[in-house]
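Only one structure is covered here, and it is reproduced in the block below.
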Amino acid sequence: IKICYKDEIVEVEQLMVNDKRSQTSASILLIDDDLSILIYLKEQFEQQGWHVFVASNKEKAVAAFYELKPDCLILDVYMQEEDGFELLSFFNEQARQRFIPTIMISADNRKETRIKAFQMGADDFLAKPLDIEECVVKIGRHLERRKLFTEYLLVDELTGAYNRKYLTEVYKQQQTNYVRNKETYCIAMIDLDYFKKINDTYGHLMGDEVLQRFVKHVKSHIRTTDQLFRYGGEEFVLCLPRTSAEEALTTLNRILSSFGKESFHINNQTFFVTFSAGVAEVSSESTLENILNQADRALYTAKEKGRNQVVV
Ligand code: GH3
Ligand code: MG
Ligand code: MG
Ligand code: MG
């Protein structure tokens, strides 16, 4: 059985909503000193399509928790070397902040043990011997709630792009990660051209549709590690990890050209929409505020030069 070795570690870009991993399937971190239980649960949970990481002691559990960013934590109460309750209190604050459900499992099914688990912040308690069907259905509900919760808090309702609040979170984490690893990282500020005119000419509902289709279009033309945020009305921020300014320019020009071909229809009229964008490359000194300022200045130049273009 593999226990969270480095090569098993998948890099995760985001803090709360993980990359394509959580869009397709959730990940679970199982912590138990009993290898037979780990093997059994891993197999059962993988049949549900969940990614399962296992750890048999605190050290491995902590490394896995921070590096793999699981969507759910399952913790044994009694372990040879560790106290499951102690581990629970160790993870509790982080888990709470990130809406990660924590589930305790134990052969000790006494009322006081169960109560203690909930008092210490557990979201559920499952008694050993585990009934696998019950485990699966309960974990499924916890994962579903986590997904709804994180989506509700991080995603802009109208467009489905991430919201501005989440940009702050993502940037904090990514800036340190990428800059530390000496990787290039770009941010683009995008603003739809003459959007006020679209609203005035075709109505706000049509304006809303433009925003929605713009987001849908961009999302389908970027890498899974790229992320789009709605910064304000018709302003968006695109985060492009492992991308140089030159590559960002190419990417945005490609999107500019493909989005420009999307036609919008209303009352027998057809129109097209363009945008302007400014690109800035993140450095070790960049705060979110100054990188956005830099991108915004480039965007301003793009507008000045006649719109429908990208400027670095
Ligand atoms: P420019 O090319 O210089 O960017 O001009 P613009 O008209 O796009 O820019 P301006 O900032 O003057 O107008 C933006 C408009 O976007 C004004 C505002 O009413 C509209 N807007 C902001 N949020 C929404 C929204 O959620 N839905 C719709 N339909 N319109 C919105
Ligand atoms: Mg045990
Ligand atoms: Mg604007
Ligand atoms: Mg605009």
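Within each chain, counting starts at residue 1; across the structure tokens, chains are named A, B, ... in the order shown, with ligands numbered 1 upward in that order.
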
Tell me which protein, DNA and RNA residues are within 12 Å of A:Arg114, counting only C-alpha atoms, leaving out same-chain ones fewer than 5 positions away, and put them as a PyMOL selection string. chain A and resi 77+85+103-109+119-127

Quick one: contact table of chain A to ligand 4, 10 Å max, nearest atom pair and distance in Å to one decimal per residue, counting only C-alpha atoms and all ligand atoms, chain and number order, as CSV?
residue,atom,partner,partner_atom_place_in_ligand_line,distance
A:Ile190,CA,ligand 4,1 (Mg),8.6
A:Asp191,CA,ligand 4,1 (Mg),4.8
A:Leu192,CA,ligand 4,1 (Mg),4.3
A:Asp193,CA,ligand 4,1 (Mg),4.5
A:Tyr194,CA,ligand 4,1 (Mg),5.4
A:Phe195,CA,ligand 4,1 (Mg),5.2
A:Lys196,CA,ligand 4,1 (Mg),7.2
A:Lys197,CA,ligand 4,1 (Mg),9.5
A:Gly233,CA,ligand 4,1 (Mg),8.5
A:Glu234,CA,ligand 4,1 (Mg),6.0
A:Glu235,CA,ligand 4,1 (Mg),7.0
A:Thr274,CA,ligand 4,1 (Mg),9.6
A:Phe275,CA,ligand 4,1 (Mg),7.5
A:Ser276,CA,ligand 4,1 (Mg),8.1
A:Lys303,CA,ligand 4,1 (Mg),8.9
A:Arg307,CA,ligand 4,1 (Mg),9.5

Convert the current residue selection to file output with N, CA and C atoms, as a PDB file, in the first residue's frame.
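Listing of selection_23.pdb after writing:
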ATOM      1  N   ILE A 190      -9.082  41.926 -17.984  1.00  0.00           N
ATOM      2  CA  ILE A 190      -9.859  41.947 -19.227  1.00  0.00           C
ATOM      3  C   ILE A 190     -11.096  42.821 -19.033  1.00  0.00           C
ATOM      4  N   ASP A 191     -11.386  43.633 -20.001  1.00  0.00           N
ATOM      5  CA  ASP A 191     -12.574  44.494 -19.912  1.00  0.00           C
ATOM      6  C   ASP A 191     -13.291  44.471 -21.262  1.00  0.00           C
ATOM      7  N   LEU A 192     -14.589  44.175 -21.214  1.00  0.00           N
ATOM      8  CA  LEU A 192     -15.347  44.115 -22.479  1.00  0.00           C
ATOM      9  C   LEU A 192     -15.453  45.521 -23.068  1.00  0.00           C
ATOM     10  N   ASP A 193     -15.371  45.591 -24.377  1.00  0.00           N
ATOM     11  CA  ASP A 193     -15.402  46.894 -25.051  1.00  0.00           C
ATOM     12  C   ASP A 193     -16.842  47.389 -25.253  1.00  0.00           C
ATOM     13  N   TYR A 194     -17.013  48.676 -25.059  1.00  0.00           N
ATOM     14  CA  TYR A 194     -18.310  49.355 -25.288  1.00  0.00           C
ATOM     15  C   TYR A 194     -19.487  48.573 -24.705  1.00  0.00           C
ATOM     16  N   PHE A 195     -19.290  48.079 -23.514  1.00  0.00           N
ATOM     17  CA  PHE A 195     -20.339  47.246 -22.928  1.00  0.00           C
ATOM     18  C   PHE A 195     -21.585  48.055 -22.583  1.00  0.00           C
ATOM     19  N   LYS A 196     -21.373  49.308 -22.213  1.00  0.00           N
ATOM     20  CA  LYS A 196     -22.499  50.160 -21.867  1.00  0.00           C
ATOM     21  C   LYS A 196     -23.434  50.293 -23.079  1.00  0.00           C
ATOM     22  N   LYS A 197     -22.808  50.367 -24.231  1.00  0.00           N
ATOM     23  CA  LYS A 197     -23.567  50.500 -25.473  1.00  0.00           C
ATOM     24  C   LYS A 197     -24.398  49.231 -25.753  1.00  0.00           C
ATOM     25  N   GLY A 233     -18.251  44.628 -12.740  1.00  0.00           N
ATOM     26  CA  GLY A 233     -19.270  44.501 -13.793  1.00  0.00           C
ATOM     27  C   GLY A 233     -18.861  43.710 -15.016  1.00  0.00           C
ATOM     28  N   GLU A 234     -18.076  44.337 -15.912  1.00  0.00           N
ATOM     29  CA  GLU A 234     -17.667  43.658 -17.141  1.00  0.00           C
ATOM     30  C   GLU A 234     -16.144  43.553 -17.200  1.00  0.00           C
ATOM     31  N   GLU A 235     -15.572  43.460 -15.977  1.00  0.00           N
ATOM     32  CA  GLU A 235     -14.127  43.340 -15.845  1.00  0.00           C
ATOM     33  C   GLU A 235     -13.771  41.996 -15.249  1.00  0.00           C
ATOM     34  N   THR A 274     -16.144  42.519 -28.549  1.00  0.00           N
ATOM     35  CA  THR A 274     -14.686  42.418 -28.388  1.00  0.00           C
ATOM     36  C   THR A 274     -14.305  42.794 -26.962  1.00  0.00           C
ATOM     37  N   PHE A 275     -13.064  42.567 -26.641  1.00  0.00           N
ATOM     38  CA  PHE A 275     -12.574  43.013 -25.333  1.00  0.00           C
ATOM     39  C   PHE A 275     -11.162  43.557 -25.474  1.00  0.00           C
ATOM     40  N   SER A 276     -10.706  44.210 -24.418  1.00  0.00           N
ATOM     41  CA  SER A 276      -9.326  44.678 -24.339  1.00  0.00           C
ATOM     42  C   SER A 276      -8.712  44.030 -23.112  1.00  0.00           C
ATOM     43  N   LYS A 303      -7.056  50.092 -24.452  1.00  0.00           N
ATOM     44  CA  LYS A 303      -8.266  50.873 -24.735  1.00  0.00           C
ATOM     45  C   LYS A 303      -7.897  52.117 -25.561  1.00  0.00           C
ATOM     46  N   ARG A 307      -8.936  49.649 -28.563  1.00  0.00           N
ATOM     47  CA  ARG A 307      -9.671  48.465 -28.063  1.00  0.00           C
ATOM     48  C   ARG A 307      -9.462  47.228 -28.948  1.00  0.00           C
TER      49      ARG A 307
END

All residues 8 Å or closer to stretch 247-257 of chain A, only C-alpha atoms, same chain fewer than 5 positions away omitted, as a list of chain:residue names: A:Cys186, A:Ala188, A:Val218, A:His221, A:Ile222, A:Leu240, A:Thr274, A:Phe275, A:Ala277, A:Val279, A:Asn308, A:Gln309, A:Val310, A:Val311, A:Val312

May I have the selected residues written with N, CA and C atoms, as a short mmCIF file (atom, residue, chain, number, x, y, z; two decimals), in the first residue's frame?
data_model
loop_
_atom_site.label_atom_id
_atom_site.label_comp_id
_atom_site.auth_asym_id
_atom_site.auth_seq_id
_atom_site.Cartn_x
_atom_site.Cartn_y
_atom_site.Cartn_z
N CYS A 186 1.47 34.84 -14.87
CA CYS A 186 0.90 36.08 -15.39
C CYS A 186 -0.53 36.30 -14.95
N ALA A 188 -3.93 38.68 -16.16
CA ALA A 188 -4.48 39.56 -17.19
C ALA A 188 -5.75 40.22 -16.68
N VAL A 218 -14.32 31.79 -22.47
CA VAL A 218 -12.96 31.84 -21.93
C VAL A 218 -12.62 30.53 -21.23
N HIS A 221 -11.47 27.87 -23.35
CA HIS A 221 -10.27 28.13 -24.14
C HIS A 221 -9.01 28.32 -23.29
N ILE A 222 -9.09 27.93 -22.03
CA ILE A 222 -7.91 28.05 -21.17
C ILE A 222 -7.53 26.68 -20.60
N LEU A 240 -2.87 33.07 -14.89
CA LEU A 240 -2.22 32.11 -15.79
C LEU A 240 -0.91 31.58 -15.20
N THR A 274 -16.14 42.52 -28.55
CA THR A 274 -14.69 42.42 -28.39
C THR A 274 -14.30 42.79 -26.96
N PHE A 275 -13.06 42.57 -26.64
CA PHE A 275 -12.57 43.01 -25.33
C PHE A 275 -11.16 43.56 -25.47
N ALA A 277 -7.42 43.77 -23.17
CA ALA A 277 -6.78 43.12 -22.02
C ALA A 277 -5.39 43.66 -21.79
N VAL A 279 -1.77 42.61 -19.72
CA VAL A 279 -1.08 41.48 -19.09
C VAL A 279 0.06 41.98 -18.21
N ASN A 308 -10.15 46.12 -28.58
CA ASN A 308 -10.04 44.87 -29.33
C ASN A 308 -8.57 44.43 -29.47
N GLN A 309 -7.82 44.54 -28.37
CA GLN A 309 -6.42 44.12 -28.41
C GLN A 309 -5.86 43.82 -27.02
N VAL A 310 -4.71 43.19 -27.04
CA VAL A 310 -4.05 42.81 -25.78
C VAL A 310 -2.71 43.52 -25.69
N VAL A 311 -2.42 44.08 -24.52
CA VAL A 311 -1.14 44.79 -24.33
C VAL A 311 -0.40 44.22 -23.12
N VAL A 312 0.89 44.04 -23.26
CA VAL A 312 1.69 43.58 -22.11
C VAL A 312 2.35 44.78 -21.46
#

What does the list of residues within 10 Å of ligand 2 look like if you count only C-alpha atoms and all ligand atoms, written as a PDB file with C-alpha atoms, in the first residue's frame?
ATOM      1  CA  ILE A  31      -5.947   8.395   8.640  1.00  0.00           C
ATOM      2  CA  ASP A  32      -5.794   5.116  10.529  1.00  0.00           C
ATOM      3  CA  ASP A  33      -3.032   2.982  12.002  1.00  0.00           C
ATOM      4  CA  ASP A  34      -4.806  -0.188  10.886  1.00  0.00           C
ATOM      5  CA  LEU A  35      -3.486  -1.019   7.426  1.00  0.00           C
ATOM      6  CA  ILE A  37      -8.836  -0.832   7.246  1.00  0.00           C
ATOM      7  CA  SER A  56      -0.930   5.851   9.078  1.00  0.00           C
ATOM      8  CA  LEU A  75      -9.797  10.027  11.229  1.00  0.00           C
ATOM      9  CA  ASP A  76      -9.417   7.044  13.494  1.00  0.00           C
ATOM     10  CA  VAL A  77      -9.922   7.849  17.190  1.00  0.00           C
ATOM     11  CA  TYR A  78      -7.374   5.428  18.641  1.00  0.00           C
ATOM     12  CA  MET A  79      -4.066   4.880  16.946  1.00  0.00           C
ATOM     13  CA  GLN A  80      -0.924   3.248  18.258  1.00  0.00           C
ATOM     14  CA  GLU A  81       1.243   6.332  18.109  1.00  0.00           C
ATOM     15  CA  GLU A  82      -1.308   9.096  17.969  1.00  0.00           C
ATOM     16  CA  ASP A  83      -4.392  10.341  19.625  1.00  0.00           C
ATOM     17  CA  GLY A  84      -7.066  10.835  16.982  1.00  0.00           C
ATOM     18  CA  ILE A 105     -14.227   6.453  13.011  1.00  0.00           C
ATOM     19  CA  SER A 106     -13.820   4.201  16.031  1.00  0.00           C
ATOM     20  CA  ALA A 107     -14.559   0.809  17.502  1.00  0.00           C
ATOM     21  CA  ASP A 108     -15.265   2.700  20.691  1.00  0.00           C
ATOM     22  CA  LYS A 128     -16.390   0.220  13.610  1.00  0.00           C
TER      23      LYS A 128
END

What lies within 12 Å of A:Gln174 using only C-alpha atoms, ignoring chain neighbours under 4 positions off, as JSON, numbers by chain? {"A": [11, 12, 13, 14, 15, 167, 168, 169, 170, 178, 179, 180, 181, 182, 183, 184, 185, 186, 187, 225, 226, 227, 239, 240, 241, 242, 282, 283, 284, 286, 287, 288]}

Any chance you can output those residues with N, CA and C atoms as a CSV table (one decimal), in the first residue's frame?
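Produced file selection.csv, reproduced below:
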chain,number,residue,atom,x,y,z
A,11,GLU,N,0.1,18.2,-7.5
A,11,GLU,CA,0.1,19.6,-7.1
A,11,GLU,C,-1.3,20.2,-7.3
A,12,VAL,N,-1.7,20.9,-6.3
A,12,VAL,CA,-3.0,21.5,-6.4
A,12,VAL,C,-2.9,23.0,-6.4
A,13,GLU,N,-3.6,23.6,-7.3
A,13,GLU,CA,-3.4,25.1,-7.4
A,13,GLU,C,-4.2,25.9,-6.5
A,14,GLN,N,-5.3,25.4,-6.1
A,14,GLN,CA,-6.2,26.3,-5.4
A,14,GLN,C,-6.4,25.9,-4.0
A,15,LEU,N,-6.9,26.8,-3.3
A,15,LEU,CA,-7.1,26.6,-1.9
A,15,LEU,C,-8.4,25.8,-1.5
A,167,LEU,N,-10.3,35.5,-5.6
A,167,LEU,CA,-9.0,35.9,-6.2
A,167,LEU,C,-8.0,36.2,-5.1
A,168,THR,N,-8.4,36.9,-4.1
A,168,THR,CA,-7.5,37.2,-3.0
A,168,THR,C,-6.9,36.0,-2.4
A,169,GLU,N,-7.7,35.0,-2.2
A,169,GLU,CA,-7.2,33.7,-1.6
A,169,GLU,C,-6.2,33.0,-2.6
A,170,VAL,N,-6.7,32.9,-3.8
A,170,VAL,CA,-5.9,32.2,-4.8
A,170,VAL,C,-4.5,32.9,-5.0
A,178,TYR,N,4.5,29.9,-6.9
A,178,TYR,CA,5.2,30.0,-8.2
A,178,TYR,C,6.5,30.8,-8.1
A,179,VAL,N,6.4,31.9,-7.4
A,179,VAL,CA,7.6,32.7,-7.3
A,179,VAL,C,8.7,31.9,-6.6
A,180,ARG,N,8.3,31.2,-5.6
A,180,ARG,CA,9.3,30.3,-4.8
A,180,ARG,C,9.9,29.3,-5.8
A,181,ASN,N,9.1,28.7,-6.6
A,181,ASN,CA,9.6,27.7,-7.5
A,181,ASN,C,10.2,28.3,-8.8
A,182,LYS,N,10.4,29.6,-8.8
A,182,LYS,CA,10.9,30.3,-10.0
A,182,LYS,C,10.2,30.0,-11.3
A,183,GLU,N,8.9,30.0,-11.2
A,183,GLU,CA,8.1,29.8,-12.4
A,183,GLU,C,7.4,31.1,-12.8
A,184,THR,N,7.2,31.2,-14.1
A,184,THR,CA,6.6,32.5,-14.5
A,184,THR,C,5.1,32.4,-14.3
A,185,TYR,N,4.5,33.5,-14.0
A,185,TYR,CA,3.1,33.5,-13.6
A,185,TYR,C,2.5,34.9,-14.1
A,186,CYS,N,1.5,34.8,-14.9
A,186,CYS,CA,0.9,36.1,-15.4
A,186,CYS,C,-0.5,36.3,-15.0
A,187,ILE,N,-0.9,37.6,-14.9
A,187,ILE,CA,-2.2,38.0,-14.6
A,187,ILE,C,-2.7,38.9,-15.7
A,225,THR,N,-5.5,24.7,-15.3
A,225,THR,CA,-4.8,25.5,-14.2
A,225,THR,C,-5.1,27.0,-14.2
A,226,ASP,N,-5.5,27.5,-15.4
A,226,ASP,CA,-5.9,28.9,-15.5
A,226,ASP,C,-7.2,29.1,-14.8
A,227,GLN,N,-7.4,30.3,-14.2
A,227,GLN,CA,-8.7,30.6,-13.6
A,227,GLN,C,-9.2,32.0,-13.9
A,239,CYS,N,-6.0,34.4,-14.2
A,239,CYS,CA,-4.7,34.0,-13.6
A,239,CYS,C,-4.1,32.9,-14.5
A,240,LEU,N,-2.9,33.1,-14.9
A,240,LEU,CA,-2.2,32.1,-15.8
A,240,LEU,C,-0.9,31.6,-15.2
A,241,PRO,N,-1.0,30.5,-14.4
A,241,PRO,CA,0.2,29.9,-13.8
A,241,PRO,C,1.1,29.3,-14.9
A,242,ARG,N,2.4,29.3,-14.6
A,242,ARG,CA,3.4,28.7,-15.5
A,242,ARG,C,3.3,29.3,-16.9
A,282,VAL,N,3.9,38.4,-12.8
A,282,VAL,CA,4.1,38.4,-11.3
A,282,VAL,C,5.5,38.2,-10.9
A,283,SER,N,6.0,39.0,-10.0
A,283,SER,CA,7.3,38.8,-9.5
A,283,SER,C,7.3,38.6,-8.0
A,284,SER,N,8.4,38.4,-7.4
A,284,SER,CA,8.4,38.1,-5.9
A,284,SER,C,7.9,39.3,-5.1
A,286,SER,N,5.5,41.3,-6.2
A,286,SER,CA,4.1,41.7,-6.5
A,286,SER,C,3.1,41.4,-5.5
A,287,THR,N,2.4,42.4,-5.0
A,287,THR,CA,1.2,42.2,-4.2
A,287,THR,C,0.0,42.1,-5.2
A,288,LEU,N,-1.1,41.6,-4.8
A,288,LEU,CA,-2.2,41.6,-5.7
A,288,LEU,C,-2.6,43.0,-6.2

Please identify which residues in stretch 52-172 of chain A DSSP calls strand (DSSP E or B) from the backbone, and express them as a list in words.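 Strand (DSSP E or B) members of stretch 52-172 of chain A, listed: Val52, Phe53, Val54, Ala55, Cys72, Leu73, Ile74, Leu75, Asp76, Tyr78, Asp83, Thr102, Ile103, Met104, Ile105, Ser106, Asp124, Phe125, Leu126, Ala127, Val155 and Tyr162 of chain A.
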
Residues of stretch 178-284 of chain A classed as alpha helix (DSSP H) by DSSP on the backbone are to be reported as a PyMOL selection string. chain A and resi 178-180+195-202+204-219+245-259

What gap, in Å, lies between atom CA of A:Gln212 and atom CA of A:Glu157? 10.0 Å

Separation of atom CA of A:Gly203 and atom CA of A:Asn268, in Å?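 Calculated distance between atom CA of A:Gly203 and atom CA of A:Asn268 is 14.5 Å.
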
Using only C-alpha atoms and all ligand atoms, the shortest atom-to-atom distance to ligand 1 among A:Gln175, A:Asn199, A:Ser36, A:Gln269 belongs to A:Asn199

Separation of atom CA of A:Leu299 from atom 31 (C, counted along the ligand's line) of ligand 1, in Å and rounded to one decimal: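 So the two atoms, atom CA of A:Leu299 and atom 31 (C, counted along the ligand's line) of ligand 1, lie 18.6 Å apart.
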
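Once A:Arg213 and its same-chain neighbours fewer than 2 positions away are set aside, A:Leu158, A:Thr159, A:Gly160, A:Ala161, A:Met206, A:Gly207, A:Asp208, A:Glu209, A:Val210, A:Leu211, A:Val215, A:Lys216, A:His217, A:Val218, A:Lys219, A:Ser220, A:Phe259, A:Gly260, A:Glu262, A:Ser263, A:Phe264, A:Phe272, A:Val273 remain within 12 Å of it when counting only C-alpha atoms.
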
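With distances restricted to only C-alpha atoms and all ligand atoms, A:Arg230 is the closest residue to ligand 3 from A:Arg230, A:Arg141, A:Lys58, A:Arg98.
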
For each of A:Leu68, A:Asp156, A:Leu29, A:Phe229, take the minimum atom-to-atom distance to A:Glu46, counting only C-alpha atoms, then give the residue where this is smallest.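 Once distances to A:Glu46 are computed over only C-alpha atoms, the minimum belongs to A:Leu29.
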